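Source file: target25.csv; contents: CSV, C-alpha atoms.
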```csv
chain,number,residue,atom,x,y,z
A,1,MET,CA,34.8,36.3,-4.4
A,2,LYS,CA,35.2,38.4,-1.2
A,3,ALA,CA,33.3,37.0,1.9
A,4,ILE,CA,30.0,38.7,2.5
A,5,GLN,CA,29.8,41.5,5.0
A,6,LEU,CA,26.8,42.3,7.1
A,7,ALA,CA,26.1,45.9,7.9
A,8,GLU,CA,24.1,46.8,10.9
A,9,TRP,CA,21.8,49.9,11.4
A,10,GLU,CA,19.8,51.3,14.2
A,11,GLY,CA,16.6,52.3,12.6
A,12,PHE,CA,15.8,52.5,8.8
A,13,ASP,CA,16.4,55.0,6.1
A,14,ALA,CA,14.7,54.0,2.8
A,15,ARG,CA,16.8,56.2,0.5
A,16,ARG,CA,20.1,55.2,2.0
A,17,PHE,CA,19.0,51.5,1.9
A,18,LEU,CA,18.2,51.7,-1.9
A,19,ASP,CA,21.5,53.4,-2.6
A,20,GLU,CA,23.7,51.1,-0.5
A,21,HIS,CA,22.1,47.7,-0.1
A,22,TRP,CA,19.1,47.0,-2.3
A,23,GLN,CA,19.7,44.0,-4.6
A,24,HIS,CA,23.4,43.8,-3.5
A,25,THR,CA,24.3,43.2,0.1
A,26,PRO,CA,22.4,42.0,3.3
A,27,LEU,CA,21.6,44.5,6.1
A,28,LEU,CA,20.5,44.0,9.7
A,29,ILE,CA,18.2,46.8,10.9
A,30,ARG,CA,17.8,46.8,14.7
A,31,GLY,CA,14.5,47.8,16.2
A,32,TRP,CA,12.9,48.8,12.9
A,33,LEU,CA,9.5,46.9,12.9
A,34,LYS,CA,7.7,45.5,15.9
A,35,PRO,CA,4.5,43.7,14.8
A,36,ALA,CA,2.4,42.0,17.5
A,37,ALA,CA,3.1,38.3,17.1
A,38,LEU,CA,0.3,36.0,16.3
A,39,GLY,CA,-0.8,33.4,18.8
A,40,ILE,CA,0.2,29.9,18.0
A,41,ASP,CA,-3.5,29.0,17.8
A,42,GLN,CA,-3.9,31.6,15.0
A,43,VAL,CA,-1.0,30.2,13.0
A,44,VAL,CA,-2.4,26.6,13.4
A,45,ALA,CA,-5.8,27.8,12.3
A,46,ALA,CA,-4.2,29.5,9.2
A,47,ALA,CA,-2.4,26.3,8.3
A,48,GLY,CA,-5.9,24.7,7.8
A,49,ASP,CA,-7.0,27.3,5.3
A,50,ASP,CA,-7.1,26.0,1.7
A,51,ASP,CA,-6.2,29.5,0.4
A,52,LEU,CA,-3.0,29.7,2.3
A,53,GLY,CA,-0.1,27.4,1.4
A,54,SER,CA,1.4,25.8,4.5
A,55,ARG,CA,4.3,23.4,5.2
A,56,LEU,CA,5.6,21.6,8.3
A,57,VAL,CA,9.4,21.1,8.3
A,58,VAL,CA,11.1,19.0,10.9
A,59,GLY,CA,14.8,18.4,11.1
A,60,SER,CA,18.2,20.1,11.3
A,61,PHE,CA,21.2,20.7,9.1
A,62,GLU,CA,23.5,19.0,11.7
A,63,ASN,CA,21.5,15.7,11.7
A,64,LEU,CA,20.4,15.8,8.1
A,65,ASP,CA,17.0,14.4,9.0
A,66,TRP,CA,14.7,16.7,7.2
A,67,THR,CA,11.0,15.8,6.6
A,68,LEU,CA,8.5,18.0,4.8
A,69,GLU,CA,4.7,17.9,4.8
A,70,TYR,CA,2.3,20.1,2.9
A,71,GLY,CA,-1.0,21.4,4.3
A,72,PRO,CA,-3.7,22.2,4.8
A,73,PHE,CA,-3.5,20.8,8.3
A,74,THR,CA,-6.0,20.1,11.0
A,75,GLU,CA,-5.0,20.8,14.5
A,76,ASP,CA,-4.7,17.1,15.1
A,77,ASP,CA,-2.3,16.8,12.2
A,78,LEU,CA,0.3,19.0,13.8
A,79,PRO,CA,2.7,18.3,16.6
A,80,SER,CA,3.2,20.7,19.4
A,81,LEU,CA,4.9,23.7,17.8
A,82,ASP,CA,7.1,24.4,20.8
A,83,ARG,CA,8.9,21.0,20.4
A,84,PRO,CA,12.5,21.2,19.1
A,85,TYR,CA,13.3,21.3,15.4
A,86,GLN,CA,9.7,21.9,14.3
A,87,SER,CA,8.8,24.7,11.9
A,88,LEU,CA,5.3,25.5,10.6
A,89,LEU,CA,5.3,28.0,7.7
A,90,VAL,CA,2.1,29.6,6.3
A,91,GLN,CA,2.2,31.8,3.1
A,92,ASP,CA,0.0,34.8,2.2
A,93,MET,CA,-0.9,35.6,5.8
A,94,ASP,CA,-1.3,39.2,4.8
A,95,LYS,CA,-4.3,38.2,2.6
A,96,LYS,CA,-6.4,36.9,5.5
A,97,TYR,CA,-5.1,38.7,8.6
A,98,PRO,CA,-5.4,42.5,8.5
A,99,GLN,CA,-2.9,42.9,11.4
A,100,VAL,CA,-0.3,41.1,9.3
A,101,ALA,CA,-1.1,43.2,6.2
A,102,GLU,CA,-0.5,46.4,8.2
A,103,LEU,CA,3.2,45.5,8.1
A,104,LEU,CA,3.3,46.2,4.3
A,105,ASP,CA,2.8,49.9,5.0
A,106,ALA,CA,6.5,50.0,6.1
A,107,PHE,CA,7.4,48.9,2.5
A,108,ARG,CA,5.6,51.5,0.5
A,109,PHE,CA,8.9,52.9,-0.6
A,110,LEU,CA,9.0,49.9,-3.0
A,111,PRO,CA,6.6,49.4,-5.9
A,112,ASN,CA,3.2,47.9,-4.9
A,113,TRP,CA,3.4,45.2,-7.6
A,114,LEU,CA,6.7,44.0,-6.2
A,115,LEU,CA,5.2,43.0,-2.8
A,116,ASP,CA,4.4,39.3,-3.0
A,117,ASP,CA,3.3,38.1,0.4
A,118,ILE,CA,4.1,37.8,4.1
A,119,MET,CA,4.9,34.3,5.3
A,120,VAL,CA,4.7,33.5,9.0
A,121,SER,CA,7.0,30.9,10.4
A,122,GLN,CA,6.3,29.5,13.9
A,123,ALA,CA,9.3,27.4,15.2
A,124,GLY,CA,10.4,25.6,18.3
A,125,PRO,CA,14.0,25.6,19.5
A,126,GLY,CA,16.3,24.6,16.7
A,127,GLY,CA,13.5,24.9,14.1
A,128,SER,CA,14.8,25.7,10.6
A,129,VAL,CA,14.1,25.1,6.9
A,130,GLY,CA,17.8,24.6,6.3
A,131,PRO,CA,20.4,26.6,4.4
A,132,HIS,CA,19.0,27.8,1.1
A,133,VAL,CA,19.2,30.6,-1.5
A,134,ASP,CA,16.3,32.6,-3.0
A,135,ALA,CA,16.0,34.3,-6.4
A,136,TYR,CA,14.1,37.2,-4.8
A,137,ASP,CA,14.6,39.8,-2.0
A,138,VAL,CA,13.2,39.1,1.4
A,139,PHE,CA,12.9,41.1,4.7
A,140,LEU,CA,12.9,38.8,7.7
A,141,VAL,CA,11.1,40.4,10.6
A,142,GLN,CA,11.5,38.9,14.0
A,143,ALA,CA,8.1,39.0,15.7
A,144,ALA,CA,8.8,36.8,18.8
A,145,GLY,CA,11.6,34.9,20.3
A,146,ALA,CA,15.1,34.9,18.8
A,147,ARG,CA,16.6,33.4,15.6
A,148,ARG,CA,20.2,33.0,14.6
A,149,TRP,CA,20.9,33.8,10.9
A,150,GLU,CA,24.0,32.5,9.1
A,151,LEU,CA,24.8,34.0,5.7
A,152,ALA,CA,27.2,33.3,2.8
A,153,GLY,CA,27.9,34.8,-0.6
A,154,ASN,CA,30.3,32.1,-1.6
A,155,PHE,CA,28.7,28.6,-1.6
A,156,GLN,CA,28.3,25.6,-3.7
A,157,PRO,CA,24.8,25.7,-5.3
A,158,ASP,CA,24.2,21.9,-5.3
A,159,LEU,CA,21.1,20.9,-3.4
A,160,ASN,CA,20.9,17.8,-1.2
A,161,GLU,CA,18.9,15.4,-3.3
A,162,ASP,CA,18.2,13.2,-0.3
A,163,PHE,CA,15.4,15.5,0.8
A,164,GLU,CA,12.3,17.1,-0.8
A,165,LEU,CA,13.3,20.3,1.0
A,166,ALA,CA,15.5,22.5,-1.2
A,167,VAL,CA,18.5,22.7,1.1
A,168,LEU,CA,22.1,23.3,0.1
A,169,ARG,CA,24.3,20.2,0.3
A,170,ASN,CA,27.3,22.1,1.6
A,171,PHE,CA,27.0,25.4,3.5
A,172,LYS,CA,29.6,27.3,5.5
A,173,ALA,CA,28.6,30.6,7.1
A,174,GLU,CA,30.7,33.7,6.4
A,175,THR,CA,28.8,35.9,8.8
A,176,SER,CA,26.0,35.5,11.4
A,177,CYS,CA,23.7,37.5,13.6
A,178,VAL,CA,20.9,36.9,16.1
A,179,THR,CA,17.6,38.8,15.6
A,180,GLU,CA,15.2,39.6,18.4
A,181,PRO,CA,11.7,41.1,18.3
A,182,GLY,CA,11.8,44.3,16.3
A,183,ASP,CA,14.9,43.4,14.3
A,184,VAL,CA,14.8,43.0,10.5
A,185,LEU,CA,17.3,41.2,8.3
A,186,TYR,CA,17.3,42.1,4.6
A,187,VAL,CA,18.6,39.3,2.3
A,188,PRO,CA,19.1,40.1,-1.4
A,189,PRO,CA,18.7,37.5,-4.2
A,190,GLY,CA,21.6,35.0,-4.4
A,191,VAL,CA,22.8,35.2,-0.8
A,192,ALA,CA,22.6,31.8,1.0
A,193,HIS,CA,21.0,32.0,4.4
A,194,HIS,CA,20.1,29.7,7.3
A,195,GLY,CA,17.9,30.7,10.1
A,196,ILE,CA,17.8,28.6,13.3
A,197,ALA,CA,15.3,29.4,16.1
A,198,GLN,CA,17.0,29.9,19.4
A,199,GLN,CA,13.8,29.4,21.4
A,200,ASN,CA,10.1,29.4,20.5
A,201,SER,CA,10.2,31.8,17.6
A,202,GLN,CA,8.0,33.6,15.2
A,203,THR,CA,9.4,35.2,12.0
A,204,TRP,CA,7.5,37.1,9.4
A,205,SER,CA,9.1,37.0,5.9
A,206,VAL,CA,8.2,39.8,3.5
A,207,GLY,CA,8.8,38.4,0.0
A,208,LEU,CA,9.4,40.6,-3.0
A,209,ARG,CA,9.0,39.0,-6.4
A,210,ALA,CA,9.4,40.4,-9.9
A,211,PRO,CA,9.1,38.3,-13.1
A,212,SER,CA,12.2,36.9,-14.7
A,213,SER,CA,13.4,37.8,-18.2
A,214,ALA,CA,12.1,34.4,-19.4
A,215,GLU,CA,8.7,35.0,-17.8
A,216,LEU,CA,8.5,38.5,-19.4
A,217,LEU,CA,9.4,37.0,-22.8
A,218,SER,CA,6.7,34.4,-22.5
A,219,GLU,CA,4.1,37.0,-21.6
A,220,LEU,CA,5.3,39.3,-24.4
A,221,ALA,CA,5.0,36.4,-26.9
A,222,ALA,CA,1.4,35.8,-25.8
A,223,PHE,CA,0.7,39.6,-26.1
A,224,LEU,CA,2.2,39.8,-29.6
A,225,GLY,CA,0.3,36.8,-30.7
A,226,GLU,CA,-3.0,38.4,-29.7
A,227,HIS,CA,-2.3,42.0,-30.9
A,228,GLU,CA,0.2,41.8,-33.7
A,229,ALA,CA,-1.3,39.6,-36.3
A,230,ARG,CA,0.7,41.2,-39.2
A,231,LEU,CA,4.1,40.3,-37.8
A,232,PRO,CA,6.3,38.8,-40.5
A,233,ARG,CA,7.2,35.1,-40.5
A,234,LEU,CA,10.6,33.4,-40.5
A,235,ASN,CA,11.0,32.9,-44.2
A,236,PRO,CA,14.4,33.9,-45.7
A,237,LEU,CA,14.4,34.9,-49.3
A,238,LYS,CA,17.4,32.7,-50.2
A,239,TYR,CA,18.2,29.1,-49.5
A,240,ASP,CA,21.2,26.9,-50.4
A,241,THR,CA,19.4,24.4,-52.6
A,242,GLU,CA,22.0,21.7,-51.8
A,243,ARG,CA,21.6,22.1,-48.0
A,244,ALA,CA,18.2,23.7,-47.6
A,245,GLU,CA,17.7,22.3,-44.1
A,246,ARG,CA,20.9,23.8,-42.7
A,247,ILE,CA,20.6,26.4,-40.0
A,248,ASP,CA,23.3,28.7,-41.3
A,249,GLN,CA,24.4,32.3,-40.5
A,250,THR,CA,21.9,33.7,-43.0
A,251,LEU,CA,19.0,32.1,-41.2
A,252,LEU,CA,20.4,33.0,-37.8
A,253,GLN,CA,20.7,36.7,-38.8
A,254,HIS,CA,17.2,36.7,-40.2
A,255,ALA,CA,15.9,35.2,-37.0
A,256,ARG,CA,17.6,37.8,-34.9
A,257,ARG,CA,16.2,40.6,-37.1
A,258,LEU,CA,12.8,39.1,-36.8
A,259,LEU,CA,12.9,38.9,-33.0
A,260,ALA,CA,14.3,42.4,-32.6
A,261,GLN,CA,11.5,43.7,-34.9
A,262,ALA,CA,8.8,41.9,-32.9
A,263,VAL,CA,9.7,43.5,-29.6
A,264,GLN,CA,10.0,47.1,-31.0
A,265,LEU,CA,6.9,48.3,-29.2
A,266,ASP,CA,6.4,52.1,-28.9
A,267,ASP,CA,6.3,53.6,-25.4
A,268,GLU,CA,2.5,53.6,-25.3
A,269,ALA,CA,2.2,49.9,-26.2
A,270,LEU,CA,5.1,48.9,-23.9
A,271,VAL,CA,3.6,50.8,-20.9
A,272,SER,CA,0.2,49.2,-21.5
A,273,TRP,CA,1.7,45.6,-21.8
A,274,LEU,CA,4.2,46.0,-18.9
A,275,GLY,CA,1.6,47.5,-16.5
A,276,GLN,CA,-0.9,44.7,-17.1
A,277,THR,CA,1.9,42.1,-16.9
A,278,LEU,CA,3.4,43.3,-13.7
A,279,THR,CA,0.1,43.6,-11.9
A,280,ALA,CA,-1.2,40.2,-13.0
A,281,TYR,CA,2.1,38.4,-12.0
A,282,ARG,CA,1.6,35.7,-9.3
A,283,GLN,CA,-1.9,36.9,-8.7
A,284,TRP,CA,-3.4,35.5,-5.5
A,285,SER,CA,-6.5,33.5,-6.3
A,286,PRO,CA,-8.5,32.4,-3.3
A,287,ALA,CA,-11.4,29.9,-3.7
A,288,PRO,CA,-14.7,31.6,-4.4
A,289,ALA,CA,-16.6,32.4,-1.2
A,290,ASP,CA,-19.9,30.6,-0.6
A,291,ASP,CA,-21.9,33.8,-0.1
A,292,ASP,CA,-25.7,33.7,-0.8
A,293,SER,CA,-26.2,37.2,0.6
A,294,ALA,CA,-27.4,40.0,-1.6
A,295,PRO,CA,-24.7,42.2,-3.1
A,296,GLU,CA,-24.0,45.4,-1.3
A,297,VAL,CA,-25.3,48.6,-2.9
A,298,ASP,CA,-24.3,52.2,-2.5
A,299,ILE,CA,-20.9,51.4,-1.0
A,300,GLU,CA,-19.3,54.5,0.3
A,301,PRO,CA,-15.8,55.4,1.3
A,302,PRO,CA,-13.7,54.7,3.2
A,303,LEU,CA,-12.7,51.8,1.0
A,304,VAL,CA,-9.5,49.7,0.6
A,305,PHE,CA,-8.2,47.5,-2.2
A,306,ALA,CA,-9.0,43.8,-1.8
A,307,PRO,CA,-6.3,41.6,-0.3
A,308,GLY,CA,-3.5,40.7,-2.7
A,309,THR,CA,-4.2,43.6,-5.1
A,310,ARG,CA,-1.3,44.6,-7.3
A,311,LEU,CA,-1.1,48.2,-8.5
A,312,ALA,CA,1.0,50.3,-10.9
A,313,TRP,CA,0.4,53.6,-12.7
A,314,SER,CA,1.9,55.7,-15.6
A,315,ASP,CA,2.4,59.3,-16.4
A,316,SER,CA,0.3,58.7,-19.5
A,317,GLY,CA,-2.8,58.5,-17.3
A,318,LEU,CA,-3.2,54.8,-16.7
A,319,LEU,CA,-3.8,52.9,-13.5
A,320,PHE,CA,-3.2,49.1,-13.6
A,321,VAL,CA,-5.1,46.9,-11.2
A,322,ASN,CA,-4.6,43.1,-11.2
A,323,GLY,CA,-3.8,42.9,-14.9
A,324,GLN,CA,-6.4,45.4,-16.0
A,325,LYS,CA,-5.8,49.0,-17.2
A,326,TRP,CA,-8.0,52.0,-16.4
A,327,SER,CA,-7.8,55.7,-17.5
A,328,CYS,CA,-6.9,57.7,-14.4
A,329,PRO,CA,-5.5,61.1,-13.6
A,330,PRO,CA,-1.8,60.5,-12.8
A,331,GLU,CA,-1.8,62.2,-9.4
A,332,PHE,CA,-4.8,60.3,-8.3
A,333,ALA,CA,-3.3,57.0,-9.6
A,334,GLN,CA,-0.1,57.7,-7.6
A,335,THR,CA,-2.1,58.3,-4.5
A,336,LEU,CA,-4.1,55.1,-4.9
A,337,CYS,CA,-0.9,53.1,-5.3
A,338,ARG,CA,0.8,54.7,-2.3
A,339,THR,CA,-2.1,54.5,0.1
A,340,CYS,CA,-4.1,51.5,-1.3
A,341,ARG,CA,-7.3,53.1,0.0
A,342,ILE,CA,-10.0,55.8,-0.7
A,343,ASP,CA,-11.1,57.9,2.3
A,344,ALA,CA,-13.5,60.2,0.4
A,345,TRP,CA,-15.1,60.5,-3.0
A,346,PRO,CA,-12.7,62.3,-5.4
A,347,GLU,CA,-13.9,65.7,-6.8
A,348,ASP,CA,-12.6,64.9,-10.3
A,349,GLN,CA,-15.4,63.2,-12.2
A,350,ASP,CA,-13.1,60.9,-14.1
A,351,ALA,CA,-11.6,59.7,-10.9
A,352,ARG,CA,-15.0,59.2,-9.3
A,353,ARG,CA,-16.1,57.1,-12.3
A,354,LEU,CA,-13.0,55.0,-11.9
A,355,VAL,CA,-13.7,54.4,-8.2
A,356,GLU,CA,-17.3,53.3,-9.1
A,357,ASN,CA,-15.9,50.9,-11.7
A,358,LEU,CA,-13.4,49.5,-9.2
A,359,ILE,CA,-16.2,49.0,-6.7
A,360,GLU,CA,-18.3,47.1,-9.3
A,361,GLN,CA,-15.3,44.9,-10.1
A,362,ASP,CA,-14.8,44.1,-6.3
A,363,GLU,CA,-11.4,45.6,-6.4
A,364,LEU,CA,-12.3,48.2,-3.8
A,365,ILE,CA,-14.1,46.9,-0.7
A,366,ARG,CA,-15.0,47.9,2.8
A,367,PRO,CA,-12.1,47.9,5.2
```
Give the structure from the file, written as structure tokens.
Amino acid sequence: MKAIQLAEWEGFDARRFLDEHWQHTPLLIRGWLKPAALGIDQVVAAAGDDDLGSRLVVGSFENLDWTLEYGPFTEDDLPSLDRPYQSLLVQDMDKKYPQVAELLDAFRFLPNWLLDDIMVSQAGPGGSVGPHVDAYDVFLVQAAGARRWELAGNFQPDLNEDFELAVLRNFKAETSCVTEPGDVLYVPPGVAHHGIAQQNSQTWSVGLRAPSSAELLSELAAFLGEHEARLPRLNPLKYDTERAERIDQTLLQHARRLLAQAVQLDDEALVSWLGQTLTAYRQWSPAPADDDSAPEVDIEPPLVFAPGTRLAWSDSGLLFVNGQKWSCPPEFAQTLCRTCRIDAWPEDQDARRLVENLIEQDELIRP
């Protein structure tokens, strides 16, 4: 396999990116996104939140001395984050910090349901999580400091079993770059990458996750079990009486026909199932809030979707919100999915009733 090449752009063009790099090759975009870095105290506070997954990684690939601890952490649990070889990583920061969530607006050229979370990594000099490979796309946004990235398309997939951390046992970079504040590195699935902080550094990782074929089949099986009670069973008409238990070609062919028949959903049923499945996938589920205050009444726009909401829509007039489907005019559904907010009551009465229902379901909330 040819060694991986790293293209470099000044600024970002979404259409060109989708044509030339999406899901295929890495890309370095200089000066694209410049979020205001969080203070170290904010990252430390977030690491103590039960709703946000956090990890402390200490070590280096050169010394092979990795240690991994899982949060939540108190401030006393954590070492000074400006010490060498320290990395504190906090998932789902976009769900609790509006200034982090604002970064997602730059990725509205991708489906809403594909946007998983923003992870913030605060690292001291040399801080790293080791060379690894992901099964999903990621945009690595440098918010503060500088980080060296090493990438490889050809690598041995074996992990170093000496550590709980999922690091590659053998890794040799094919190309590298250094990202500074404002730079964004796109890494597609299957490309090994290793980021090393060059100084005190903060990196925001925008993760994109879609269900695997195995996950889709599992969800489809559950759907069919609930909605297709009359599906035929695996019961061939003929058996070899001398070898009745044998799994032969006749049984294999019958099983294939049965499976093919089971998944022959018409477009209406497939849209309904897929929309609900995609928007329920990896749904963020924070702990219920201890709130004894009276519920708000007569909530008025402007309104936004609750943090972590996943959205999709169809031309058939359906809006999908966190695994539920709603009737919705297609143009209004598209606007909701693009903007993720309501600035005024819609004139269309069906659309207005939808907004009222979404308010009742706590899907639409005050900004």
Residue among A:Ile247, A:Ile365, A:Leu319, A:Leu64 lying closest to Glu161 (chain A), counting all atoms listed in the file: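 Selected residue with least distance to Glu161 (chain A): A:Leu64.
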Residues near region 8-17 of chain A, anyone? I mean within 7 Å using all atoms listed in the file, not counting same-chain ones fewer than 2 positions away, as a PDB file with C-alpha atoms, in the frame of the given file.
```
ATOM      1  CA  LEU A   6      26.800  42.300   7.100  1.00  0.00           C
ATOM      2  CA  ASP A  19      21.500  53.400  -2.600  1.00  0.00           C
ATOM      3  CA  GLU A  20      23.700  51.100  -0.500  1.00  0.00           C
ATOM      4  CA  HIS A  21      22.100  47.700  -0.100  1.00  0.00           C
ATOM      5  CA  TRP A  22      19.100  47.000  -2.300  1.00  0.00           C
ATOM      6  CA  LEU A  27      21.600  44.500   6.100  1.00  0.00           C
ATOM      7  CA  LEU A  28      20.500  44.000   9.700  1.00  0.00           C
ATOM      8  CA  ILE A  29      18.200  46.800  10.900  1.00  0.00           C
ATOM      9  CA  ARG A  30      17.800  46.800  14.700  1.00  0.00           C
ATOM     10  CA  GLY A  31      14.500  47.800  16.200  1.00  0.00           C
ATOM     11  CA  TRP A  32      12.900  48.800  12.900  1.00  0.00           C
ATOM     12  CA  PHE A 109       8.900  52.900  -0.600  1.00  0.00           C
TER      13      PHE A 109
END
```
For Gly323 (chain A), work out the shell of residues within 8 Å, counting all atoms listed in the file and skipping chain neighbours fewer than 2 positions away, then give it as number ranges by chain. A: 275-281, 320-321, 325
Next, dump the selected residues to file, keeping only C-alpha atoms, as a compact mmCIF listing (two decimals), in the coordinates of the input.
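Now in out-v7.txt:
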```txt
# COMPACT_ATOMS: atom_id res chain seq x y z
CA GLY A 275 1.60 47.50 -16.50
CA GLN A 276 -0.90 44.70 -17.10
CA THR A 277 1.90 42.10 -16.90
CA LEU A 278 3.40 43.30 -13.70
CA THR A 279 0.10 43.60 -11.90
CA ALA A 280 -1.20 40.20 -13.00
CA TYR A 281 2.10 38.40 -12.00
CA PHE A 320 -3.20 49.10 -13.60
CA VAL A 321 -5.10 46.90 -11.20
CA LYS A 325 -5.80 49.00 -17.20
```
With a distance cut-off of 7 Å and all atoms listed in the file, select the neighbouring residues of region 170-186 of chain A, excluding the residue or stretch itself and same-chain residues fewer than 5 positions from it, and output the selection as a ChimeraX atom specification. /A:3-6,26-34,131,138-152,155-156
Distance criterion (all atoms listed in the file): nearest to Ala36 (chain A) out of A:Ser128, A:Gln99, A:Thr203, A:Gln283: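 Counting all atoms listed in the file, the residue closest to Ala36 (chain A) is A:Gln99.
Across A:Asp298, A:Glu215, A:Asp41, A:Asp51, the tightest approach to Ser80 (chain A) is made by A:Asp41 when counting only C-alpha atoms.
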Counting all atoms listed in the file, which residue out of A:Val44, A:Leu208, A:Ile299, A:Ala7 sits closest to Val355 (chain A)? A:Ile299
Write out as JSON, numbers by chain each polymer residue whose atoms come within 10 Å of region 218-227 of chain A, counting all atoms listed in the file; drop sequence neighbours fewer than 2 positions from it. {"A": [211, 212, 213, 214, 215, 216, 229, 230, 231, 262, 263, 265, 270, 273, 274, 277, 281]}
Near Pro189 (chain A), counting all atoms listed in the file, which residues have an atom at most 6 Å away, once you skip same-chain residues fewer than 2 positions from it, shown as a ChimeraX atom specification? /A:134-137,191
So, counting all atoms listed in the file, which residue among A:Gln23, A:Gln122, A:Gln264, A:Asp240 is closest to Glu228 (chain A)?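 That would be A:Gln264, the residue with the smallest distance to Glu228 (chain A).
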Nearest to Ala45 (chain A) among A:Gln261, A:Thr74, A:Gln324, A:Thr67, with distances taken over only C-alpha atoms: which residue is it? A:Thr74
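Distance-wise, CA of Ala197 (chain A) and CA of Gly126 (chain A) end up 4.9 Å apart.
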Just the number, please: distance in Å from CA of Leu104 (chain A) to CA of Cys340 (chain A), one decimal.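 Those two atoms sit 10.7 Å apart.
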Computed gap from CA of Val304 (chain A) to CA of Ala344 (chain A) is 11.2 Å
Counting all atoms listed in the file, which residues come within 7 Å of (7.2, 29.3, 16.1), with the point read in the file's coordinates, and could you list them as a ChimeraX atom specification? /A:81-82,87-88,121-124,200-202
Please write as a ChimeraX atom specification the list of polymer residues whose atoms come within 9 Å of (-0.4, 57.4, -9.2), counting all atoms listed in the file and keeping to the coordinates of the file. /A:312-315,317-319,328-338
All heavy atoms modelled onto region 114-119 of chain A, as a PDB file, in the coordinates of the input:
```
ATOM      1  N   LEU A 114       5.568  44.801  -6.564  1.00  0.00           N
ATOM      2  CA  LEU A 114       6.700  44.000  -6.200  1.00  0.00           C
ATOM      3  C   LEU A 114       6.456  43.190  -4.894  1.00  0.00           C
ATOM      4  O   LEU A 114       7.103  42.176  -4.635  1.00  0.00           O
ATOM      5  CB  LEU A 114       7.942  44.853  -6.024  1.00  0.00           C
ATOM      6  CG  LEU A 114       9.300  44.195  -5.901  1.00  0.00           C
ATOM      7  CD1 LEU A 114       9.617  43.363  -7.132  1.00  0.00           C
ATOM      8  CD2 LEU A 114      10.386  45.249  -5.694  1.00  0.00           C
ATOM      9  N   LEU A 115       5.496  43.661  -4.082  1.00  0.00           N
ATOM     10  CA  LEU A 115       5.200  43.000  -2.800  1.00  0.00           C
ATOM     11  C   LEU A 115       4.424  41.755  -3.010  1.00  0.00           C
ATOM     12  O   LEU A 115       3.285  41.807  -3.466  1.00  0.00           O
ATOM     13  CB  LEU A 115       4.476  43.997  -1.878  1.00  0.00           C
ATOM     14  CG  LEU A 115       5.189  45.322  -1.569  1.00  0.00           C
ATOM     15  CD1 LEU A 115       4.261  46.257  -0.798  1.00  0.00           C
ATOM     16  CD2 LEU A 115       6.465  45.074  -0.793  1.00  0.00           C
ATOM     17  N   ASP A 116       5.015  40.624  -2.677  1.00  0.00           N
ATOM     18  CA  ASP A 116       4.400  39.300  -3.000  1.00  0.00           C
ATOM     19  C   ASP A 116       3.509  38.849  -1.835  1.00  0.00           C
ATOM     20  O   ASP A 116       2.311  38.686  -1.993  1.00  0.00           O
ATOM     21  CB  ASP A 116       5.458  38.305  -3.312  1.00  0.00           C
ATOM     22  CG  ASP A 116       4.880  37.012  -3.840  1.00  0.00           C
ATOM     23  OD1 ASP A 116       3.949  37.090  -4.660  1.00  0.00           O
ATOM     24  OD2 ASP A 116       5.332  35.937  -3.430  1.00  0.00           O
ATOM     25  N   ASP A 117       4.099  38.602  -0.672  1.00  0.00           N
ATOM     26  CA  ASP A 117       3.300  38.100   0.400  1.00  0.00           C
ATOM     27  C   ASP A 117       4.101  38.201   1.735  1.00  0.00           C
ATOM     28  O   ASP A 117       5.290  38.522   1.730  1.00  0.00           O
ATOM     29  CB  ASP A 117       2.853  36.656   0.205  1.00  0.00           C
ATOM     30  CG  ASP A 117       3.934  35.635   0.571  1.00  0.00           C
ATOM     31  OD1 ASP A 117       5.116  35.895   0.283  1.00  0.00           O
ATOM     32  OD2 ASP A 117       3.601  34.588   1.147  1.00  0.00           O
ATOM     33  N   ILE A 118       3.419  37.942   2.828  1.00  0.00           N
ATOM     34  CA  ILE A 118       4.100  37.800   4.100  1.00  0.00           C
ATOM     35  C   ILE A 118       3.855  36.348   4.584  1.00  0.00           C
ATOM     36  O   ILE A 118       2.710  35.899   4.732  1.00  0.00           O
ATOM     37  CB  ILE A 118       3.540  38.762   5.180  1.00  0.00           C
ATOM     38  CG1 ILE A 118       3.819  40.210   4.754  1.00  0.00           C
ATOM     39  CG2 ILE A 118       4.176  38.480   6.544  1.00  0.00           C
ATOM     40  CD1 ILE A 118       3.293  41.250   5.720  1.00  0.00           C
ATOM     41  N   MET A 119       4.942  35.643   4.784  1.00  0.00           N
ATOM     42  CA  MET A 119       4.900  34.300   5.300  1.00  0.00           C
ATOM     43  C   MET A 119       5.221  34.323   6.795  1.00  0.00           C
ATOM     44  O   MET A 119       6.156  35.003   7.208  1.00  0.00           O
ATOM     45  CB  MET A 119       5.890  33.384   4.579  1.00  0.00           C
ATOM     46  CG  MET A 119       5.917  31.948   5.086  1.00  0.00           C
ATOM     47  SD  MET A 119       7.171  30.940   4.253  1.00  0.00           S
ATOM     48  CE  MET A 119       8.678  31.589   5.016  1.00  0.00           C
TER      49      MET A 119
END
```
